[in-house]
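*Asks:* I have a structure I would like to understand better, so I am pasting it below and will then ask my questions one at a time.
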Amino acid sequence: MSKERIQISPDLFDIMPAEYQDLVRRATYGKEDRGWKDIGMAKELIEEHSLCAGCPESMAFRYILASLPNPEDTVMVGSTGCTSLVFPHVAVHNIHSLFGNQNAVASGLKRALSLRFPGKIKDVVVLAGDGATVDIGLDMTLQAWFRQEKFTTICFDNELYANTGGQESGMMRKGFVAKMAPAGKMFEKVRLPEIARESGCHYVVNCTVSKPNLVEKVIKNAVYVAREIGPTYVQLYTPCILEIGKNSMEGLQEMRDAERPTERFAYKEYISDQAKELLAEIAAKEKEKKAAAKKQLAGKEA
Amino acid sequence: MATSSVIGKKNKMGQTYTDPWYMMHEAPRTPSFFTGSEVIKEAIRRASCDVMIAYPITPQSEAAALIGELFVEGYVGDYFRGESEFAVMSECAGAAFGGARVFTTTAGPGTMRAMENFPMWAGARLPIQMIVTCRGINSPLSIQPDTLEISYLLNTGMLVWHAETAQDFFDWILIGYLVAEEPDVHLPLALCCDGFFVTHTKDVVQLTPADMCLPPYDPYRSPVPCMDMECPPVRMMRDPFVMKSNYISYATHASWQQEVWAAVERSRKHTIRWLDGLIEVDNGDADILIVSSGTAVSQGREAKALLEEEGIDVGIVKIKTLRPWPGEEIREATKHAKHIIVPEFNIIGWLAREIRATIPNSDRVFAGPHVGGGMTMPPEIIAADIKALLGIKTAALAGRGS
Ligand SMILES: Cc1ncc(C[n+]2csc(CCOP(=O)(O)OP(=O)(O)O)c2C)c(N)n1
Ligand code: SF4
Ligand SMILES: [Mg+2]
């Protein structure tokens, strides 16, 4: 899809909702170097959200949507949970079907799009909570990776079932007292990033969303690698401030605390050799482009 | 759009996209002696199917594997074994959301495992076709034919058809896509048959020419947008309805469900045209009617012949579609019947309940005979029940108690 495709018939322009007019005029579909810096400068692909005030999931959503390299040809797949309250506000096609089946849906979707649009880029990006990814959907998460399905899986890890009121999840820390873990969680946080690596993911990152430039880089890499090589996995700490007793202003600090070197969300990445090659190629091309642009600019000034 | 423009063109396998009415009704047919599983393969060969997703479970495993051969040959766009029936049905959903014509097959415990997907398919208006080769779902484990699982599908919003023979199967797989993909229908179809009896027996089936195939699915005739970013992504709603406890939210959900069932109703006219009616009546003036679906109809025909020899006049009503439910047709067909016998391959008798809820003077309905656990239904037991209803004494049949 290109930006042309979201044009509004001139006769109907004035009766369209203001935010849609805005989307047509000022969104970044098709913009080559789109990224987090467009936030505040251009129309975002997310309108409002109905998350709790200050919920870091909302930051994560905004950074990710600003960073998708190809939103005009990206379809997202979600799952039930707090994220499913946001997707209806998102201006890329997205699918919610059931709780936990997101990687199965994405497998079928990606195959259908590859079949229908040979030679054309159609990115598929899954975005789901930790309960969806690790507990109820683990089988489908892993099997999509085993099968080397070419899409990106993003997990919003808030270490609990937020949408149903803060129950224990496999991603919760050991000992944390929660609903359905009345004496504290009895087993360790599931190590999905490592499992992802062993299951065949070519690019795996575990981090928080405290730094938008980092999120941008990670998301772009994850999408590029999935497009060309195979499955990728990004696990982002998006603390549920409501359930861990923080107020709206404390989400960012909570993430910063959790990403200290000894903590659960210290930056970790795994990149397969194949993916390293691809990313190096992309970086080299980008460098070339920048150098050329610089040269051109210098030429003009001279 | 694509549907009309591609007629007469060839696909990559050299098959000609053919006007479906011509292909199904006028094109020459070749008699072939095939198992039900092979018939499924032959239908899919001609169905211009994009994606098939498989999982082994008796008695559909053979058919599902045969479609794999079609994929290797190039007749099916993509094919793989999913990890479970729940996942398979979600994978089917994903492919259909992405605009593919999708096919899958399952049975018994597989149907039950996947159940959460079916109302989702209907609500998402995905015209996926799923073959259900019915088998027992009880514990202890059984692989034998039993139609209980169909009853669980009846209220999912899917179209549910029940084939009697391999010929039904061949024709209805192809017709199924035509009806399910109509823009005013656009619903999933569960095309059921009784496992083993249809899948594993050989029968003469009249096949359409192998060099003709259905026109491809056109996802842009869907009443809901195809998820491929080829049309503008509108923000679907200001407030996601799931979390709202207000009238607008309730009304939205209610009207969405109403629309699914209205689409089931709208499928009626297409189905009547393509299947030549939702029911088929043979000797409808008889006082005694055997009304059933699936293989039970075949056994009813045998019972009819047995009773004729004894001078007892019996008619047959074959129910082809369970959703849409042919209520009016059944009321009309049974108007003058004194006894309505409903033999079923399950011990619950769900079909008899449906019929009782449809017709006046429902005490005319005799729910039975029922067999379960894989038993066959000898026509003699249907005849015996009919004679008992008429007050005619018969010798006790072995194994049926006194
Ligand atoms: C089959 C099924 N089981 C349970 C639920 C209830 N449910 C809805 S959201 C949710 C928890 C979601 O947790 P997570 O995936 O971590 O997302 P979060 O809300 O924390 O972002 C549960 C259990 C459901 N919708 N469907
Ligand atoms: S419940 Fe938790 S995760 Fe969900 S929106 Fe509120 S703060 Fe965010
Ligand atoms: Mg969670």
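By order in the structure tokens, chains are A, B, ...; within a chain, residues start at 1; ligands start at 1, following the order shown.
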Could you list, as a PyMOL selection string, every residue within 9 Å of B:Thr376, counting only C-alpha atoms and ignoring same-chain residues fewer than 2 positions away?
*Replies:* chain B and resi 145+345+371-372+374+378
*Asks:* Output as a tab-separated table one row per residue of chain A within 8 Å of ligand 3: the closest atom pair and its distance in Å to one decimal place, counting only C-alpha atoms and all ligand atoms, sorted by chain and residue number ascending.
*Replies:*
residue	atom	partner	partner_atom_place_in_ligand_line	distance
A:Gly81	CA	ligand 3	1 (Mg)	7.2
A:Cys82	CA	ligand 3	1 (Mg)	7.7
A:Gly129	CA	ligand 3	1 (Mg)	4.6
A:Asp130	CA	ligand 3	1 (Mg)	4.5
A:Gly131	CA	ligand 3	1 (Mg)	5.3
A:Ala132	CA	ligand 3	1 (Mg)	7.6
A:Phe156	CA	ligand 3	1 (Mg)	6.7
A:Asp157	CA	ligand 3	1 (Mg)	5.6
A:Asn158	CA	ligand 3	1 (Mg)	4.6
A:Glu159	CA	ligand 3	1 (Mg)	5.4
A:Leu160	CA	ligand 3	1 (Mg)	4.3
A:Tyr161	CA	ligand 3	1 (Mg)	4.3
A:Ala162	CA	ligand 3	1 (Mg)	5.2
A:Asn163	CA	ligand 3	1 (Mg)	7.4
A:Ser169	CA	ligand 3	1 (Mg)	7.2
A:Cys240	CA	ligand 3	1 (Mg)	7.8
*Asks:* Output all heavy atoms for every residue in that selection, as an mmCIF file, in the first residue's frame.
*Replies:*
data_model
loop_
_atom_site.group_PDB
_atom_site.id
_atom_site.type_symbol
_atom_site.label_atom_id
_atom_site.label_comp_id
_atom_site.auth_asym_id
_atom_site.auth_seq_id
_atom_site.Cartn_x
_atom_site.Cartn_y
_atom_site.Cartn_z
ATOM 1 N N GLY A 81 -5.822 -9.383 25.761
ATOM 2 C CA GLY A 81 -4.978 -8.821 26.815
ATOM 3 C C GLY A 81 -5.055 -7.308 26.713
ATOM 4 O O GLY A 81 -5.797 -6.773 25.890
ATOM 5 N N CYS A 82 -4.258 -6.623 27.510
ATOM 6 C CA CYS A 82 -4.314 -5.162 27.468
ATOM 7 C C CYS A 82 -4.010 -4.636 26.066
ATOM 8 O O CYS A 82 -4.580 -3.635 25.642
ATOM 9 C CB CYS A 82 -3.369 -4.567 28.501
ATOM 10 S SG CYS A 82 -4.031 -4.752 30.175
ATOM 11 N N GLY A 129 0.806 -10.228 24.738
ATOM 12 C CA GLY A 129 1.273 -10.205 26.123
ATOM 13 C C GLY A 129 2.060 -11.453 26.475
ATOM 14 O O GLY A 129 2.165 -12.404 25.685
ATOM 15 N N ASP A 130 2.613 -11.452 27.684
ATOM 16 C CA ASP A 130 3.418 -12.603 28.100
ATOM 17 C C ASP A 130 2.543 -13.830 28.356
ATOM 18 O O ASP A 130 2.948 -14.949 28.060
ATOM 19 C CB ASP A 130 4.263 -12.270 29.334
ATOM 20 C CG ASP A 130 3.447 -11.657 30.458
ATOM 21 O OD1 ASP A 130 2.770 -10.632 30.214
ATOM 22 O OD2 ASP A 130 3.470 -12.182 31.578
ATOM 23 N N GLY A 131 1.349 -13.611 28.876
ATOM 24 C CA GLY A 131 0.463 -14.761 29.089
ATOM 25 C C GLY A 131 0.148 -15.428 27.766
ATOM 26 O O GLY A 131 0.195 -16.659 27.639
ATOM 27 N N ALA A 132 -0.144 -14.605 26.771
ATOM 28 C CA ALA A 132 -0.491 -15.119 25.451
ATOM 29 C C ALA A 132 0.698 -15.830 24.808
ATOM 30 O O ALA A 132 0.553 -16.892 24.209
ATOM 31 C CB ALA A 132 -0.962 -13.974 24.556
ATOM 32 N N PHE A 156 4.982 -8.230 24.851
ATOM 33 C CA PHE A 156 4.930 -7.194 25.882
ATOM 34 C C PHE A 156 4.923 -7.916 27.220
ATOM 35 O O PHE A 156 3.890 -8.421 27.653
ATOM 36 C CB PHE A 156 3.662 -6.338 25.743
ATOM 37 C CG PHE A 156 3.783 -5.220 24.741
ATOM 38 C CD1 PHE A 156 4.867 -5.139 23.876
ATOM 39 C CD2 PHE A 156 2.801 -4.230 24.679
ATOM 40 C CE1 PHE A 156 4.976 -4.101 22.955
ATOM 41 C CE2 PHE A 156 2.902 -3.191 23.764
ATOM 42 C CZ PHE A 156 3.986 -3.125 22.899
ATOM 43 N N ASP A 157 6.097 -7.981 27.819
ATOM 44 C CA ASP A 157 6.237 -8.749 29.051
ATOM 45 C C ASP A 157 5.990 -7.826 30.243
ATOM 46 O O ASP A 157 6.855 -7.029 30.609
ATOM 47 C CB ASP A 157 7.653 -9.347 29.100
ATOM 48 C CG ASP A 157 7.856 -10.191 30.342
ATOM 49 O OD1 ASP A 157 6.861 -10.432 31.053
ATOM 50 O OD2 ASP A 157 9.005 -10.598 30.593
ATOM 51 N N ASN A 158 4.816 -7.953 30.828
ATOM 52 C CA ASN A 158 4.578 -7.207 32.068
ATOM 53 C C ASN A 158 4.548 -8.156 33.257
ATOM 54 O O ASN A 158 4.099 -7.812 34.328
ATOM 55 C CB ASN A 158 3.315 -6.338 31.975
ATOM 56 C CG ASN A 158 2.116 -7.143 31.527
ATOM 57 O OD1 ASN A 158 2.126 -8.370 31.589
ATOM 58 N ND2 ASN A 158 1.073 -6.463 31.092
ATOM 59 N N GLU A 159 4.998 -9.354 32.999
ATOM 60 C CA GLU A 159 5.236 -10.356 34.046
ATOM 61 C C GLU A 159 3.984 -10.741 34.810
ATOM 62 O O GLU A 159 4.042 -11.152 35.956
ATOM 63 C CB GLU A 159 6.337 -9.873 35.000
ATOM 64 C CG GLU A 159 7.617 -9.458 34.259
ATOM 65 C CD GLU A 159 8.789 -9.224 35.190
ATOM 66 O OE1 GLU A 159 8.683 -8.329 36.047
ATOM 67 O OE2 GLU A 159 9.795 -9.947 35.063
ATOM 68 N N LEU A 160 2.842 -10.563 34.193
ATOM 69 C CA LEU A 160 1.595 -11.032 34.795
ATOM 70 C C LEU A 160 0.457 -10.933 33.776
ATOM 71 O O LEU A 160 0.633 -10.392 32.689
ATOM 72 C CB LEU A 160 1.246 -10.249 36.068
ATOM 73 C CG LEU A 160 1.384 -8.710 36.066
ATOM 74 C CD1 LEU A 160 0.247 -8.049 35.329
ATOM 75 C CD2 LEU A 160 1.439 -8.208 37.491
ATOM 76 N N TYR A 161 -0.675 -11.456 34.166
ATOM 77 C CA TYR A 161 -1.893 -11.331 33.363
ATOM 78 C C TYR A 161 -2.558 -10.032 33.787
ATOM 79 O O TYR A 161 -3.285 -9.994 34.768
ATOM 80 C CB TYR A 161 -2.857 -12.491 33.631
ATOM 81 C CG TYR A 161 -2.447 -13.835 33.066
ATOM 82 C CD1 TYR A 161 -1.192 -14.375 33.305
ATOM 83 C CD2 TYR A 161 -3.346 -14.577 32.301
ATOM 84 C CE1 TYR A 161 -0.830 -15.599 32.790
ATOM 85 C CE2 TYR A 161 -2.998 -15.816 31.786
ATOM 86 C CZ TYR A 161 -1.738 -16.321 32.031
ATOM 87 O OH TYR A 161 -1.387 -17.536 31.519
ATOM 88 N N ALA A 162 -2.309 -8.984 33.047
ATOM 89 C CA ALA A 162 -2.801 -7.678 33.476
ATOM 90 C C ALA A 162 -4.293 -7.529 33.220
ATOM 91 O O ALA A 162 -5.051 -7.091 34.081
ATOM 92 C CB ALA A 162 -2.034 -6.577 32.740
ATOM 93 N N ASN A 163 -4.684 -7.907 32.055
ATOM 94 C CA ASN A 163 -6.049 -7.619 31.618
ATOM 95 C C ASN A 163 -7.105 -8.306 32.464
ATOM 96 O O ASN A 163 -8.224 -7.820 32.586
ATOM 97 C CB ASN A 163 -6.207 -8.006 30.142
ATOM 98 C CG ASN A 163 -7.450 -7.439 29.521
ATOM 99 O OD1 ASN A 163 -8.243 -8.149 28.940
ATOM 100 N ND2 ASN A 163 -7.651 -6.137 29.687
ATOM 101 N N SER A 169 1.809 -15.251 35.959
ATOM 102 C CA SER A 169 2.118 -15.739 34.617
ATOM 103 C C SER A 169 3.477 -16.421 34.665
ATOM 104 O O SER A 169 4.244 -16.238 35.616
ATOM 105 C CB SER A 169 2.134 -14.576 33.613
ATOM 106 O OG SER A 169 3.442 -14.283 33.183
ATOM 107 N N CYS A 240 3.373 -3.459 34.252
ATOM 108 C CA CYS A 240 1.983 -3.128 34.563
ATOM 109 C C CYS A 240 1.999 -2.329 35.857
ATOM 110 O O CYS A 240 2.007 -2.885 36.948
ATOM 111 C CB CYS A 240 1.165 -4.405 34.736
ATOM 112 S SG CYS A 240 -0.497 -4.053 35.320
#
*Asks:* As a ChimeraX atom specification, please: all residues of stretch 3-173 of chain A that backbone DSSP puts in strand (DSSP E or B).
*Replies:* /A:27,39,42-43,46,74-77,90,94-95,123-129,152-157,161,167
*Asks:* Write a file of the selected residues as a compact mmCIF listing (two decimals), in the first residue's frame, keeping N, CA, C and O atoms.
*Replies:*
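Here's the written file again_4.txt:
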# COMPACT_ATOMS: atom_id res chain seq x y z
N ALA A 27 0.55 11.35 7.95
CA ALA A 27 1.14 10.09 8.45
C ALA A 27 2.40 9.75 7.68
O ALA A 27 2.69 10.36 6.64
N ILE A 39 7.64 11.00 16.01
CA ILE A 39 6.60 11.19 17.03
C ILE A 39 6.56 12.67 17.40
O ILE A 39 7.58 13.28 17.72
N ALA A 42 4.90 14.11 13.03
CA ALA A 42 3.98 13.61 12.01
C ALA A 42 2.82 12.93 12.71
O ALA A 42 2.84 12.74 13.93
N LYS A 43 1.83 12.56 11.91
CA LYS A 43 0.69 11.85 12.50
C LYS A 43 1.11 10.43 12.86
O LYS A 43 1.65 9.71 12.01
N ILE A 46 -1.07 5.47 15.68
CA ILE A 46 -1.94 5.10 16.78
C ILE A 46 -2.67 6.37 17.18
O ILE A 46 -2.07 7.45 17.24
N THR A 74 2.35 -3.77 6.18
CA THR A 74 2.54 -4.60 7.38
C THR A 74 1.18 -4.95 7.95
O THR A 74 0.31 -4.09 8.05
N VAL A 75 1.01 -6.20 8.30
CA VAL A 75 -0.21 -6.61 9.00
C VAL A 75 0.22 -7.12 10.37
O VAL A 75 1.16 -7.89 10.49
N MET A 76 -0.46 -6.65 11.41
CA MET A 76 -0.11 -7.06 12.76
C MET A 76 -1.12 -8.07 13.29
O MET A 76 -2.29 -8.05 12.91
N VAL A 77 -0.64 -8.94 14.15
CA VAL A 77 -1.53 -9.92 14.77
C VAL A 77 -1.41 -9.76 16.28
O VAL A 77 -0.29 -9.76 16.81
N VAL A 90 -5.29 1.41 15.94
CA VAL A 90 -4.04 1.36 15.17
C VAL A 90 -4.32 1.37 13.68
O VAL A 90 -5.16 0.62 13.20
N ASN A 94 -4.84 -5.11 11.38
CA ASN A 94 -4.45 -5.97 12.49
C ASN A 94 -5.56 -6.95 12.80
O ASN A 94 -6.73 -6.67 12.59
N ILE A 95 -5.15 -8.09 13.30
CA ILE A 95 -6.09 -9.18 13.53
C ILE A 95 -6.12 -9.52 15.01
O ILE A 95 -5.07 -9.77 15.61
N ASP A 123 5.08 -7.53 5.42
CA ASP A 123 5.59 -7.93 6.73
C ASP A 123 4.45 -8.32 7.66
O ASP A 123 3.39 -7.70 7.65
N VAL A 124 4.70 -9.34 8.46
CA VAL A 124 3.74 -9.72 9.50
C VAL A 124 4.43 -9.58 10.85
O VAL A 124 5.56 -10.02 11.03
N VAL A 125 3.77 -8.88 11.77
CA VAL A 125 4.34 -8.66 13.09
C VAL A 125 3.31 -9.04 14.15
O VAL A 125 2.19 -8.53 14.16
N VAL A 126 3.71 -9.96 15.02
CA VAL A 126 2.85 -10.36 16.14
C VAL A 126 3.19 -9.51 17.34
O VAL A 126 4.37 -9.24 17.61
N LEU A 127 2.18 -9.07 18.05
CA LEU A 127 2.40 -8.32 19.27
C LEU A 127 1.40 -8.82 20.31
O LEU A 127 0.19 -8.64 20.14
N ALA A 128 1.90 -9.46 21.37
CA ALA A 128 1.00 -10.06 22.35
C ALA A 128 1.62 -10.01 23.74
O ALA A 128 2.82 -9.80 23.89
N GLY A 129 0.81 -10.23 24.74
CA GLY A 129 1.27 -10.21 26.12
C GLY A 129 2.06 -11.45 26.48
O GLY A 129 2.16 -12.40 25.69
N THR A 152 7.87 -11.60 12.76
CA THR A 152 8.43 -11.15 14.04
C THR A 152 7.42 -11.36 15.17
O THR A 152 6.25 -11.04 15.01
N THR A 153 7.89 -11.89 16.28
CA THR A 153 7.04 -12.03 17.46
C THR A 153 7.53 -11.02 18.51
O THR A 153 8.69 -11.07 18.91
N ILE A 154 6.65 -10.12 18.90
CA ILE A 154 6.98 -9.18 19.98
C ILE A 154 6.13 -9.54 21.19
O ILE A 154 4.92 -9.71 21.08
N CYS A 155 6.80 -9.67 22.33
CA CYS A 155 6.06 -9.96 23.56
C CYS A 155 6.13 -8.75 24.47
O CYS A 155 7.22 -8.27 24.80
N PHE A 156 4.98 -8.23 24.85
CA PHE A 156 4.93 -7.19 25.88
C PHE A 156 4.92 -7.92 27.22
O PHE A 156 3.89 -8.42 27.65
N ASP A 157 6.10 -7.98 27.82
CA ASP A 157 6.24 -8.75 29.05
C ASP A 157 5.99 -7.83 30.24
O ASP A 157 6.85 -7.03 30.61
N TYR A 161 -0.67 -11.46 34.17
CA TYR A 161 -1.89 -11.33 33.36
C TYR A 161 -2.56 -10.03 33.79
O TYR A 161 -3.29 -9.99 34.77
N GLN A 167 -2.98 -11.77 37.58
CA GLN A 167 -2.70 -13.14 38.01
C GLN A 167 -1.27 -13.54 37.64
O GLN A 167 -0.61 -12.91 36.84
*Asks:* Please check the contacts: residues of chain A at most 6 Å away from chain B, using only C-alpha atoms, listed as a PyMOL selection string.
*Replies:* chain A and resi 1+6+73+85+88-89+91-93+104-106+108-109+112-113
*Asks:* Give as a ChimeraX atom specification the residues surrounding ligand 2 up to a distance of 8 Å, considering only C-alpha atoms and all ligand atoms.
*Replies:* /A:50-58,81-83,158,162-163,165-166,238-243
*Asks:* Can you spit out the residues from that selection as a CSV table (one decimal), in the first residue's frame, using all heavy atoms?
*Replies:*
chain,number,residue,atom,x,y,z
A,50,SER,N,-6.7,3.0,25.2
A,50,SER,CA,-7.5,2.9,26.4
A,50,SER,C,-6.8,2.2,27.5
A,50,SER,O,-7.4,1.4,28.3
A,50,SER,CB,-8.9,2.3,26.1
A,50,SER,OG,-8.7,1.4,25.0
A,51,LEU,N,-5.5,2.3,27.5
A,51,LEU,CA,-4.7,1.7,28.6
A,51,LEU,C,-4.8,2.6,29.8
A,51,LEU,O,-5.2,3.8,29.7
A,51,LEU,CB,-3.2,1.5,28.2
A,51,LEU,CG,-3.0,0.7,26.9
A,51,LEU,CD1,-1.6,0.8,26.4
A,51,LEU,CD2,-3.3,-0.8,27.2
A,52,CYS,N,-4.3,2.1,31.0
A,52,CYS,CA,-4.3,2.9,32.2
A,52,CYS,C,-3.3,4.1,31.9
A,52,CYS,O,-2.3,4.0,31.1
A,52,CYS,CB,-3.7,2.2,33.3
A,52,CYS,SG,-4.7,0.7,33.8
A,53,ALA,N,-3.6,5.2,32.5
A,53,ALA,CA,-2.7,6.4,32.3
A,53,ALA,C,-1.3,6.1,32.7
A,53,ALA,O,-1.1,5.5,33.8
A,53,ALA,CB,-3.3,7.6,33.1
A,54,GLY,N,-0.4,6.3,31.9
A,54,GLY,CA,1.0,6.1,32.2
A,54,GLY,C,1.5,4.7,31.9
A,54,GLY,O,2.7,4.4,32.2
A,55,CYS,N,0.7,3.8,31.4
A,55,CYS,CA,1.1,2.5,31.2
A,55,CYS,C,2.2,2.4,30.1
A,55,CYS,O,2.0,2.9,29.0
A,55,CYS,CB,-0.1,1.6,30.7
A,55,CYS,SG,0.4,0.0,30.2
A,56,PRO,N,3.3,1.8,30.5
A,56,PRO,CA,4.4,1.8,29.5
A,56,PRO,C,4.1,1.0,28.2
A,56,PRO,O,4.8,1.2,27.2
A,56,PRO,CB,5.5,1.0,30.3
A,56,PRO,CG,5.2,1.3,31.7
A,56,PRO,CD,3.7,1.3,31.8
A,57,GLU,N,3.0,0.2,28.2
A,57,GLU,CA,2.6,-0.4,27.0
A,57,GLU,C,2.3,0.7,25.9
A,57,GLU,O,2.5,0.4,24.7
A,57,GLU,CB,1.3,-1.3,27.2
A,57,GLU,CG,1.6,-2.6,27.7
A,57,GLU,CD,0.5,-3.6,27.5
A,57,GLU,OE1,-0.5,-3.3,27.0
A,57,GLU,OE2,0.7,-4.8,28.0
A,58,SER,N,1.8,1.8,26.4
A,58,SER,CA,1.4,2.8,25.4
A,58,SER,C,2.7,3.4,24.7
A,58,SER,O,2.7,3.7,23.5
A,58,SER,CB,0.6,3.9,26.0
A,58,SER,OG,1.3,4.6,27.0
A,81,GLY,N,-5.8,-9.4,25.8
A,81,GLY,CA,-5.0,-8.8,26.8
A,81,GLY,C,-5.1,-7.3,26.7
A,81,GLY,O,-5.8,-6.8,25.9
A,82,CYS,N,-4.3,-6.6,27.5
A,82,CYS,CA,-4.3,-5.2,27.5
A,82,CYS,C,-4.0,-4.6,26.1
A,82,CYS,O,-4.6,-3.6,25.6
A,82,CYS,CB,-3.4,-4.6,28.5
A,82,CYS,SG,-4.0,-4.8,30.2
A,83,THR,N,-3.1,-5.3,25.3
A,83,THR,CA,-2.8,-4.9,24.0
A,83,THR,C,-4.0,-4.9,23.1
A,83,THR,O,-4.1,-4.0,22.1
A,83,THR,CB,-1.7,-5.7,23.3
A,83,THR,OG1,-2.2,-7.1,23.4
A,83,THR,CG2,-0.4,-5.6,24.0
A,158,ASN,N,4.8,-8.0,30.8
A,158,ASN,CA,4.6,-7.2,32.1
A,158,ASN,C,4.5,-8.2,33.3
A,158,ASN,O,4.1,-7.8,34.3
A,158,ASN,CB,3.3,-6.3,32.0
A,158,ASN,CG,2.1,-7.1,31.5
A,158,ASN,OD1,2.1,-8.4,31.6
A,158,ASN,ND2,1.1,-6.5,31.1
A,162,ALA,N,-2.3,-9.0,33.0
A,162,ALA,CA,-2.8,-7.7,33.5
A,162,ALA,C,-4.3,-7.5,33.2
A,162,ALA,O,-5.1,-7.1,34.1
A,162,ALA,CB,-2.0,-6.6,32.7
A,163,ASN,N,-4.7,-7.9,32.1
A,163,ASN,CA,-6.0,-7.6,31.6
A,163,ASN,C,-7.1,-8.3,32.5
A,163,ASN,O,-8.2,-7.8,32.6
A,163,ASN,CB,-6.2,-8.0,30.1
A,163,ASN,CG,-7.5,-7.4,29.5
A,163,ASN,OD1,-8.2,-8.1,28.9
A,163,ASN,ND2,-7.7,-6.1,29.7
A,165,GLY,N,-6.6,-8.9,35.7
A,165,GLY,CA,-6.5,-8.4,37.0
A,165,GLY,C,-5.2,-8.8,37.8
A,165,GLY,O,-5.3,-8.8,39.1
A,166,GLY,N,-4.2,-9.2,37.1
A,166,GLY,CA,-2.9,-9.4,37.9
A,166,GLY,C,-2.6,-10.8,38.4
A,166,GLY,O,-2.1,-11.0,39.4
A,238,THR,N,7.3,-4.1,29.7
A,238,THR,CA,6.3,-3.0,29.7
A,238,THR,C,5.6,-3.2,31.1
A,238,THR,O,4.5,-3.8,31.1
A,238,THR,CB,5.3,-3.2,28.6
A,238,THR,OG1,4.8,-4.5,28.6
A,238,THR,CG2,6.0,-3.0,27.2
A,239,PRO,N,6.2,-2.7,32.1
A,239,PRO,CA,5.6,-3.0,33.5
A,239,PRO,C,4.1,-2.6,33.6
A,239,PRO,O,3.7,-1.6,33.1
A,239,PRO,CB,6.5,-2.2,34.4
A,239,PRO,CG,7.2,-1.2,33.6
A,239,PRO,CD,7.3,-1.8,32.2
A,240,CYS,N,3.4,-3.5,34.3
A,240,CYS,CA,2.0,-3.1,34.6
A,240,CYS,C,2.0,-2.3,35.9
A,240,CYS,O,2.0,-2.9,36.9
A,240,CYS,CB,1.2,-4.4,34.7
A,240,CYS,SG,-0.5,-4.1,35.3
A,241,ILE,N,2.0,-1.0,35.7
A,241,ILE,CA,2.2,-0.2,36.9
A,241,ILE,C,1.0,-0.4,37.8
A,241,ILE,O,1.1,-0.3,39.0
A,241,ILE,CB,2.3,1.3,36.5
A,241,ILE,CG1,1.2,1.7,35.5
A,241,ILE,CG2,3.7,1.6,35.9
A,241,ILE,CD1,1.3,3.2,35.1
A,242,LEU,N,-0.2,-0.7,37.3
A,242,LEU,CA,-1.3,-0.8,38.1
A,242,LEU,C,-1.2,-2.0,39.1
A,242,LEU,O,-1.4,-1.8,40.3
A,242,LEU,CB,-2.6,-1.1,37.2
A,242,LEU,CG,-3.9,-1.1,37.9
A,242,LEU,CD1,-4.4,0.2,38.2
A,242,LEU,CD2,-4.9,-1.9,37.1
A,243,GLU,N,-0.7,-3.1,38.6
A,243,GLU,CA,-0.6,-4.3,39.4
A,243,GLU,C,0.6,-4.4,40.3
A,243,GLU,O,0.7,-5.2,41.2
A,243,GLU,CB,-0.8,-5.5,38.5
A,243,GLU,CG,-2.1,-5.7,37.9
A,243,GLU,CD,-3.3,-5.9,38.9
A,243,GLU,OE1,-3.0,-6.4,40.0
A,243,GLU,OE2,-4.4,-5.6,38.6
*Asks:* Please provide the set of residues having any atom within 12 Å of A:Gln21, restricted to only C-alpha atoms, with same-chain residues fewer than 4 positions apart removed, written as a PyMOL selection string.
*Replies:* (chain A and resi 6-10+12-17+25-27+43) or (chain B and resi 234)
*Asks:* Excluding B:Val260 and its own-chain neighbours fewer than 6 positions away, which residues fall within 8 Å of it when counting only C-alpha atoms? Please give them as a PyMOL selection string.
*Replies:* chain B and resi 122-123+125+157+187
*Asks:* Pick out the residues sitting within 8 Å of stretch 12-15 of chain B, and hand them over as number ranges by chain; count only C-alpha atoms, and ignore anything fewer than 4 positions along from it in its own chain.
*Replies:* B: 74-75, 210-213
*Asks:* Include N, CA and C atoms and write out the residues we just selected as a compact mmCIF listing (two decimals), in the first residue's frame.
*Replies:*
# COMPACT_ATOMS: atom_id res chain seq x y z
N GLY B 74 1.40 -29.30 -7.37
CA GLY B 74 1.22 -27.89 -7.74
C GLY B 74 -0.23 -27.42 -7.79
N TYR B 75 -1.15 -28.29 -7.37
CA TYR B 75 -2.57 -27.91 -7.44
C TYR B 75 -3.02 -27.06 -6.24
N ALA B 210 -10.92 -33.17 -15.13
CA ALA B 210 -9.78 -32.75 -14.30
C ALA B 210 -9.10 -31.50 -14.84
N ASP B 211 -9.41 -31.14 -16.08
CA ASP B 211 -8.77 -29.94 -16.61
C ASP B 211 -9.64 -28.69 -16.44
N MET B 212 -10.69 -28.84 -15.64
CA MET B 212 -11.51 -27.66 -15.30
C MET B 212 -11.40 -27.41 -13.80
N CYS B 213 -11.36 -26.14 -13.43
CA CYS B 213 -11.33 -25.82 -12.00
C CYS B 213 -12.17 -24.59 -11.72
*Asks:* Could you list, as a list in words, every residue within 10 Å of B:Glu73, counting only C-alpha atoms and ignoring same-chain residues fewer than 5 positions away?
*Replies:* Met13, Arg45, Ile67 and Gly68 of chain B
*Asks:* With distances taken over only C-alpha atoms and all ligand atoms, which of A:Tyr224, A:Phe99, A:Tyr267, A:Phe61 is nearest to ligand 1?
*Replies:*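 For ligand 1, the nearest of the candidates is A:Phe99.
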